[in-house]
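Chemist: The structure file model_13.txt (compact mmCIF, C-alpha atoms) is provided below.
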# COMPACT_ATOMS: atom_id res chain seq x y z
CA MET R 4 57.89 35.25 -40.52
CA GLU R 5 60.43 33.11 -38.72
CA THR R 6 60.62 29.48 -39.84
CA ILE R 7 62.00 26.60 -37.81
CA ALA R 8 64.78 24.70 -39.59
CA ASN R 9 63.36 22.07 -41.91
CA ASP R 10 65.92 19.51 -40.78
CA THR R 11 63.95 19.05 -37.55
CA ASP R 12 62.25 15.67 -37.35
CA ALA R 13 59.29 16.38 -35.10
CA ARG R 14 58.49 12.72 -34.44
CA ARG R 15 62.01 11.98 -33.23
CA ARG R 16 62.05 15.11 -31.10
CA THR R 17 58.74 14.12 -29.51
CA LEU R 18 60.12 10.64 -28.87
CA ARG R 19 63.06 12.11 -27.01
CA ARG R 20 60.68 14.18 -24.88
CA ARG R 21 58.46 11.23 -24.04
CA ARG R 22 61.22 8.85 -22.99
CA PHE R 23 62.46 8.86 -19.44
CA THR R 24 66.04 10.12 -19.19
CA LEU R 25 68.12 8.48 -16.48
CA LEU R 26 70.67 11.01 -15.20
CA ALA R 27 73.58 10.62 -12.78
CA THR R 28 71.27 11.38 -9.85
CA ALA R 29 68.59 8.96 -11.09
CA THR R 30 66.29 11.68 -12.41
CA LEU R 31 63.47 10.35 -14.57
CA VAL R 32 61.89 12.85 -16.94
CA LEU R 33 58.26 12.28 -17.93
CA GLY R 34 56.87 13.47 -21.25
CA ALA R 35 57.49 17.13 -21.90
CA GLY R 36 55.06 19.29 -23.79
CA GLY R 37 57.27 21.79 -25.57
CA ALA R 38 60.40 23.87 -25.23
CA TYR R 39 60.69 26.56 -22.57
CA ALA R 40 63.17 29.37 -23.11
CA ALA R 41 62.16 30.71 -19.70
CA PHE R 42 59.36 29.76 -17.34
CA ARG R 43 56.76 32.47 -17.19
CA GLY R 44 54.44 31.15 -14.49
CA GLY R 45 51.45 28.85 -14.93
CA GLU R 46 53.01 25.72 -13.44
CA GLU R 47 49.58 24.07 -13.53
CA ARG R 48 49.91 24.12 -17.33
CA ALA R 49 53.37 22.52 -17.34
CA THR R 50 53.49 19.06 -18.92
CA SER R 51 57.03 18.06 -17.90
CA ILE R 52 57.79 16.17 -14.68
CA ALA R 53 61.21 15.10 -13.40
CA CYS R 54 61.19 12.28 -10.81
CA ASN R 55 64.44 12.48 -8.82
CA PHE R 56 64.67 9.48 -6.51
CA GLY R 57 68.39 9.63 -5.70
CA GLU R 58 70.13 6.35 -4.95
CA LEU R 59 68.18 5.05 -1.97
CA GLY R 60 69.96 2.08 -0.44
CA GLY R 61 72.06 1.70 -3.57
CA ASN R 62 68.90 0.84 -5.53
CA THR R 63 68.56 3.13 -8.54
CA PRO R 64 65.22 2.69 -10.36
CA ALA R 65 65.52 2.23 -14.10
CA GLY R 66 63.82 4.49 -16.63
CA SER R 67 60.99 3.57 -18.95
CA ASP R 68 58.52 5.18 -21.34
CA ALA R 69 55.81 7.20 -19.59
CA VAL R 70 54.11 10.56 -19.50
CA ALA R 71 52.64 12.98 -17.00
CA ALA R 72 49.12 11.60 -17.03
CA SER R 73 46.95 12.07 -13.95
CA GLY R 74 47.62 15.73 -13.23
CA ASP R 75 49.09 14.76 -9.85
CA PRO R 76 52.92 14.80 -10.11
CA ILE R 77 53.35 12.85 -6.86
CA ALA R 78 51.01 10.11 -8.10
CA ASP R 79 52.72 9.94 -11.50
CA CYS R 80 56.19 9.64 -9.96
CA THR R 81 54.85 7.07 -7.50
CA ALA R 82 53.71 5.03 -10.50
CA VAL R 83 57.18 5.34 -12.04
CA TRP R 84 58.76 4.07 -8.83
CA GLN R 85 56.36 1.12 -8.62
CA GLN R 86 57.07 0.19 -12.24
CA SER R 87 60.80 0.19 -11.54
CA THR R 88 61.29 -1.52 -8.17
CA ASN R 89 59.54 -3.52 -5.44
CA VAL R 90 61.00 -1.27 -2.74
CA PRO R 91 58.20 0.60 -0.89
CA VAL R 92 57.59 4.11 -2.22
CA PRO R 93 59.24 6.73 0.01
CA PRO R 94 57.64 10.09 0.84
CA LEU R 95 57.91 12.38 -2.20
CA ARG R 96 57.82 16.18 -2.53
CA ALA R 97 57.04 18.36 -5.56
CA PHE R 98 58.74 21.57 -6.70
CA GLU R 99 58.72 23.78 -9.80
CA LYS R 100 61.83 24.99 -11.56
CA ALA R 101 62.18 26.57 -15.01
CA GLY R 102 59.11 24.99 -16.58
CA THR R 103 59.56 21.53 -15.08
CA ILE R 104 57.83 20.02 -12.06
CA VAL R 105 60.51 18.25 -10.01
CA VAL R 106 59.49 15.46 -7.62
CA THR R 107 62.17 14.37 -5.13
CA GLY R 108 62.64 11.53 -2.68
CA PRO R 109 64.06 11.67 0.87
CA GLY R 110 67.54 13.15 1.10
CA VAL R 111 67.38 14.54 -2.43
CA TYR R 112 67.74 18.29 -2.58
CA PRO R 113 65.58 20.18 -5.11
CA PRO R 114 67.35 22.28 -7.75
CA ASP R 115 68.57 25.68 -6.62
CA GLY R 116 65.79 28.21 -6.94
CA ALA R 117 63.01 25.60 -7.10
CA THR R 118 59.67 26.61 -5.61
CA PRO R 119 57.81 24.10 -3.37
CA LEU R 120 54.35 23.14 -4.63
CA SER R 121 51.41 22.66 -2.29
CA ASP R 122 50.28 19.17 -1.29
CA GLY R 123 47.12 19.63 -3.33
CA PHE R 124 48.84 20.91 -6.47
CA ARG R 125 47.36 19.60 -9.72
CA GLN R 126 48.22 20.11 -13.36
CA ASP R 127 45.50 21.18 -15.77
CA LEU R 128 44.18 17.94 -17.26
CA ARG R 129 42.90 19.82 -20.30
CA VAL R 130 46.48 20.72 -21.23
CA LEU R 131 47.62 17.11 -20.79
CA GLN R 132 44.74 15.99 -23.02
CA LEU R 133 45.79 18.57 -25.61
CA GLU R 134 49.33 17.18 -25.58
CA HIS R 135 48.04 13.61 -26.00
CA GLU R 136 45.72 14.60 -28.84
CA LEU R 137 48.34 16.52 -30.82
CA ALA R 138 50.75 13.56 -30.56
CA ASP R 139 48.11 10.98 -31.54
CA ILE R 140 49.25 8.87 -34.49
CA ASN R 141 45.79 8.87 -36.08
CA ARG R 142 44.55 12.41 -35.44
CA GLY R 143 47.58 14.43 -34.38
CA LEU R 144 50.30 16.42 -36.12
CA GLY R 145 53.26 14.47 -37.46
CA GLY R 146 51.37 11.16 -37.47
CA ARG R 147 49.93 9.00 -40.25
CA GLU R 148 48.18 11.95 -41.90
CA CYS R 149 50.49 14.54 -43.46
CA LEU R 150 48.67 17.80 -42.77
CA ASP R 151 49.45 20.99 -44.58
CA PHE R 152 50.04 24.22 -42.71
CA GLU R 153 46.48 25.58 -42.74
CA ALA R 154 44.84 22.23 -41.99
CA ALA R 155 47.08 21.86 -38.94
CA ARG R 156 46.12 25.31 -37.64
CA THR R 157 42.45 24.43 -38.04
CA ARG R 158 42.88 21.12 -36.19
CA VAL R 159 44.66 22.76 -33.25
CA ASP R 160 41.97 25.43 -33.01
CA ALA R 161 39.33 22.68 -32.93
CA GLN R 162 41.07 21.10 -29.94
CA PHE R 163 41.16 24.44 -28.12
CA ASP R 164 37.40 24.61 -28.59
CA ARG R 165 36.78 21.00 -27.53
CA LEU R 166 38.79 21.39 -24.34
CA GLY R 167 37.55 24.84 -23.48
CA LEU R 168 40.99 26.45 -23.76
CA VAL R 169 39.53 29.83 -24.69
CA ASP R 170 42.65 31.85 -23.84
CA TRP R 171 45.02 29.73 -25.94
CA LYS R 172 46.26 30.62 -29.42
CA VAL R 173 48.07 29.14 -32.39
CA VAL R 174 51.43 30.72 -33.21
CA ALA R 175 51.97 30.01 -36.90
CA ARG R 176 55.42 29.92 -38.42
CA ALA R 177 54.92 30.02 -42.16
CA PRO R 178 56.42 27.21 -44.28
CA LYS R 179 59.51 27.94 -46.29
CA PRO R 180 59.11 26.83 -49.94
CA ASN R 181 62.07 24.61 -50.84
CA GLY R 182 60.57 21.79 -52.89
CA VAL R 183 60.84 19.31 -49.99
CA THR R 184 57.64 17.63 -48.77
CA ARG R 185 57.12 18.41 -45.10
CA CYS R 186 54.21 17.83 -42.76
CA ALA R 187 52.96 20.17 -40.08
CA ALA R 188 54.46 19.75 -36.61
CA GLN R 189 53.81 21.51 -33.33
CA ILE R 190 55.39 22.75 -30.12
CA LEU R 191 53.11 23.06 -27.10
CA ASP R 192 54.04 25.73 -24.52
CA GLY R 193 51.70 25.40 -21.56
CA PRO R 194 52.80 28.40 -19.50
CA ALA R 195 52.51 30.66 -22.58
CA ARG R 196 49.17 29.08 -23.60
CA THR R 197 50.37 28.57 -27.17
CA VAL R 198 50.83 25.85 -29.76
CA THR R 199 53.36 26.74 -32.45
CA VAL R 200 52.62 25.13 -35.83
CA TYR R 201 55.37 24.80 -38.42
CA ASP R 202 56.39 22.57 -41.32
CA GLY R 203 59.07 20.55 -39.55
CA ALA R 204 58.01 16.90 -39.81
CA ARG R 205 58.98 14.36 -42.43
CA PRO R 206 56.09 12.31 -43.89
CA PHE R 207 55.28 9.24 -41.82
CA VAL R 208 56.77 6.18 -43.53
CA ILE R 209 55.94 2.56 -42.71
CA ASP R 210 59.17 0.78 -43.54
CA ASN R 211 58.95 -2.56 -41.72
CA PRO R 212 56.36 -5.24 -40.81
CA ASP R 213 56.53 -4.52 -37.05
CA LEU R 214 55.66 -0.87 -37.59
CA GLN R 215 52.85 -1.85 -39.96
CA ARG R 216 51.46 -4.14 -37.25
CA THR R 217 51.48 -1.41 -34.61
CA VAL R 218 49.99 1.15 -37.00
CA ASP R 219 47.18 -1.27 -37.86
CA PHE R 220 46.70 -1.86 -34.12
CA ALA R 221 46.43 1.90 -33.52
CA ALA R 222 43.94 2.28 -36.36
CA ALA R 223 41.80 -0.54 -34.96
CA ILE R 224 41.78 1.08 -31.50
CA GLN R 225 40.69 4.38 -33.01
CA THR R 226 37.83 2.70 -34.86
CA ALA R 227 36.67 0.89 -31.72
CA LEU R 228 37.14 3.63 -29.12
CA PHE R 229 37.08 6.95 -30.94
CA THR R 230 34.97 6.68 -34.08
CA ASP R 231 32.07 5.16 -32.13
CA THR R 232 32.53 7.12 -28.90
CA LYS R 233 29.35 9.18 -29.24
CA ARG R 234 27.30 6.04 -29.55
CA SER R 235 29.11 3.66 -27.19
CA CYS R 236 30.65 5.97 -24.54
CA PRO R 237 33.07 3.26 -23.31
CA SER R 238 34.05 3.08 -19.66
CA ALA R 239 37.69 2.69 -18.64
CA HIS R 240 37.17 -1.04 -18.05
CA GLN R 241 35.47 -1.53 -21.42
CA ALA R 242 38.22 0.41 -23.18
CA ILE R 243 40.99 -1.65 -21.60
CA GLU R 244 39.26 -4.94 -22.44
CA THR R 245 38.81 -3.79 -26.05
CA ILE R 246 42.50 -2.84 -26.29
CA LYS R 247 43.56 -6.23 -24.91
CA LYS R 248 41.38 -8.04 -27.47
CA LEU R 249 42.74 -5.97 -30.36
CA ALA R 250 46.33 -6.48 -29.17
CA THR R 251 45.81 -10.24 -29.36
CA GLU R 252 44.24 -10.00 -32.80
CA HIS R 253 47.15 -7.89 -34.09
CA ASP R 254 49.83 -9.92 -32.26
CA VAL R 255 51.01 -6.91 -30.26
CA ALA R 256 52.48 -8.07 -26.95
CA SER R 257 52.30 -6.01 -23.75
CA GLN R 258 55.94 -5.78 -22.67
CA PRO R 259 58.59 -3.19 -21.64
CA GLY R 260 60.42 -1.65 -24.60
CA GLY R 261 57.85 -2.85 -27.10
CA GLY R 262 54.28 -4.00 -27.41
CA TYR R 263 51.79 -1.63 -25.84
CA ARG R 264 50.92 -0.03 -22.51
CA VAL R 265 47.69 1.61 -21.36
CA VAL R 266 48.23 4.89 -19.50
CA PRO R 267 45.24 6.07 -17.40
CA ALA R 268 45.31 9.82 -18.07
CA TYR R 269 42.87 10.99 -15.42
CA ARG R 270 42.71 11.36 -11.64
CA PRO R 271 41.28 8.45 -9.65
CA GLU R 272 38.25 10.51 -8.66
CA ASP R 273 37.52 11.10 -12.37
CA THR R 274 37.70 7.46 -13.43
CA PRO R 275 35.46 7.18 -16.53
CA ASP R 276 33.26 4.32 -15.36
CA GLY R 277 29.47 4.36 -15.53
CA ARG R 278 28.08 6.80 -18.07
CA THR R 279 28.89 10.21 -16.60
CA THR R 280 32.14 10.25 -18.59
CA CYS R 281 33.61 8.34 -21.53
CA ALA R 282 37.12 7.01 -22.17
CA ARG R 283 38.82 8.78 -25.09
CA GLU R 284 42.00 7.24 -26.46
CA SER R 285 45.11 8.92 -27.82
CA ILE R 286 47.88 6.74 -29.22
CA ALA R 287 51.60 7.42 -29.52
CA VAL R 288 53.78 4.89 -31.35
CA TYR R 289 57.46 4.97 -30.32
CA GLY R 290 58.47 1.33 -30.14
CA THR R 291 56.06 0.84 -27.25
CA VAL R 292 52.51 1.79 -28.21
CA LEU R 293 51.27 4.15 -25.48
CA VAL R 294 47.48 4.28 -25.29
CA PHE R 295 46.35 7.22 -23.17
CA LEU R 296 42.81 6.99 -21.79
CA ASP R 297 41.36 10.41 -21.03
CA SER R 298 38.11 11.09 -19.20
CA VAL R 299 35.70 13.18 -21.28
CA ALA R 300 32.05 14.22 -21.03
CA PRO R 301 29.65 12.45 -23.43
CA THR R 302 28.73 15.83 -24.90
CA ARG R 303 32.37 16.54 -25.87
CA PRO R 304 33.88 13.20 -26.93
Could you show the structure in this file as C-alpha cells?

Modeler:
Amino acid sequence: METIANDTDARRRTLRRRRFTLLATATLVLGAGGAYAAFRGGEERATSIACNFGELGGNTPAGSDAVAASGDPIADCTAVWQQSTNVPVPPLRAFEKAGTIVVTGPGVYPPDGATPLSDGFRQDLRVLQLEHELADINRGLGGRECLDFEAARTRVDAQFDRLGLVDWKVVARAPKPNGVTRCAAQILDGPARTVTVYDGARPFVIDNPDLQRTVDFAAAIQTALFTDTKRSCPSAHQAIETIKKLATEHDVASQPGGGYRVVPAYRPEDTPDGRTTCARESIAVYGTVLVFLDSVAPTRP
C-alpha cells in the first residue's frame, strides 16, 4: 500500500490550511479540509472558502485565523470582512472552482472556469463538523493523544456514524516501519467522501509554558462542555460564558494572533439555544485557540 512520506508534519500542514492567506488580489482563504487533485463535484461538501475582496477604495482587509463555519460562504466571508475593516460590507457573490468556494466583491472577476453558486447555496454542516472534530486537540488526530493506525481508523468511523455520513469511507495508508514514532494523521476530501488515515504526524510536544497554558485551557473546556454534554446540554450562551470564565482562570486573553476566539459553527437558524440542540465544542490550538461551537441534537452529543 502507498504510504505518505513520514517527513510530513500534519499539525503544521493543518495550521497552514487554517490560516488566511493574503494574496496580491487580497484573497483570504478560510480553513481547507484536505487536498484536491481535481474537483469531482459535491461542492456542498467542500470545506475551503476563498474570500476575494479586491482593493476597494485602496482599503485591503488584512487576513486572520478563521474557518468556514456556518455553511453559508457569503456569511462567512462577510464575517471576515467585518473582522478586518469598518467599511460597510459590499455585495458578495459565490462561485466554485477546483474544490474551492470563491466569494468575490464588486468589480472582482471570478477565476476562469468558475461556476456561479445559487443564492441559497449551503455547505454540508456535517462535513464541517467532521473537519472540526478530526482537528480537535483533545479528541482528534494529531493532537494531544498519539493514536496508532488502527485506533485512528476506528475513531474516524465513529464520527461517520455520529454524523450520519453513511456513504463516507476511511482510506487507510498503512504505516511504514522505520523505528520512528509517528502518530496517525488524516486528510479529509469532502467531494470524494473520504478521510485518508496515515502515520504522518509527530507526537504532540509541550515545550513552553504558553503552550502548556493553552493545552490546559483546552482540556478544561472539554471537561466542562464535552464530557458533561449528555447531562448539561449547554446552550450557545452558556457555552460562551463557560469559555470566558475558563479563559480568565487560565490567563488566556482573547486577542488577535493569540489568546482564544469562539467560532459559531452553525447557521443562525440553528443556534443551539433552549434545549432542542446542544453546543458541542471542538478546539484547535495554533497560537490562537479556536473554539468551534457546533449545534448537535441531545441524542447525538

Chemist: Between CA of Cys149 in chain R and CA of Ile243 in chain R, what distance in Å does the model show, to one decimal?

Modeler: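 Atom-to-atom, CA of Cys149 in chain R to CA of Ile243 in chain R, that is 28.8 Å.
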
Chemist: Have a look at R:Ser73, R:Thr50, R:Ser285, R:Gln215 and name the one nearest to Arg196 in chain R; count only C-alpha atoms.

Modeler: R:Thr50

Chemist: R:Ala250, R:Glu134, R:Arg176, R:Val200: which is nearest Thr157 in chain R, counting all atoms listed in the file?

Modeler: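 Answer, going by the shortest atom-to-atom distance: R:Val200.
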
Chemist: Using only C-alpha atoms, find all polymer residues with an atom at most 12 Å away from the point (40.5, 28.1, -33.5); report them as JSON, numbers by chain.

Modeler: {"R": [153, 154, 155, 156, 157, 158, 159, 160, 161, 162, 163, 164, 165, 166, 167, 168, 169, 170, 171, 172, 173, 174, 197, 198]}

Chemist: In Å, how far is it from CA of Arg48 in chain R to CA of Ala117 in chain R?

Modeler: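 According to the coordinates, CA of Arg48 in chain R and CA of Ala117 in chain R are separated by 16.7 Å.
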
Chemist: Pick the closest to Gly110 in chain R from R:Asn89, R:Asn141, R:Thr81, R:Asn55: which is it, counting all atoms listed in the file?

Modeler: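 That would be R:Asn55, the residue with the smallest distance to Gly110 in chain R.
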
Chemist: If we count all atoms listed in the file, what is near Arg216 in chain R at a cut-off of 12 Å, once residues fewer than 2 positions away on the same chain are taken out, given as a list in words?

Modeler: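 That gives Ile209, Asp210, Asn211, Pro212, Asp213, Leu214, Val218, Asp219, Phe220, Ala221, Ala222, Ala223, Leu249, Ala250, Thr251, Glu252, His253, Asp254, Val255, Ala256, Gly262, Tyr263, Val288, Gly290 and Val292 of chain R.
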
Chemist: Need the axis-aligned box for range 192-200 of chain R with 5 Å each side, so what are the centre and edges in Å to one decimal, as AutoDock Vina command-line options?

Modeler:
--center_x 51.6 --center_y 27.9 --center_z -27.7 --size_x 14.9 --size_y 15.5 --size_z 26.3
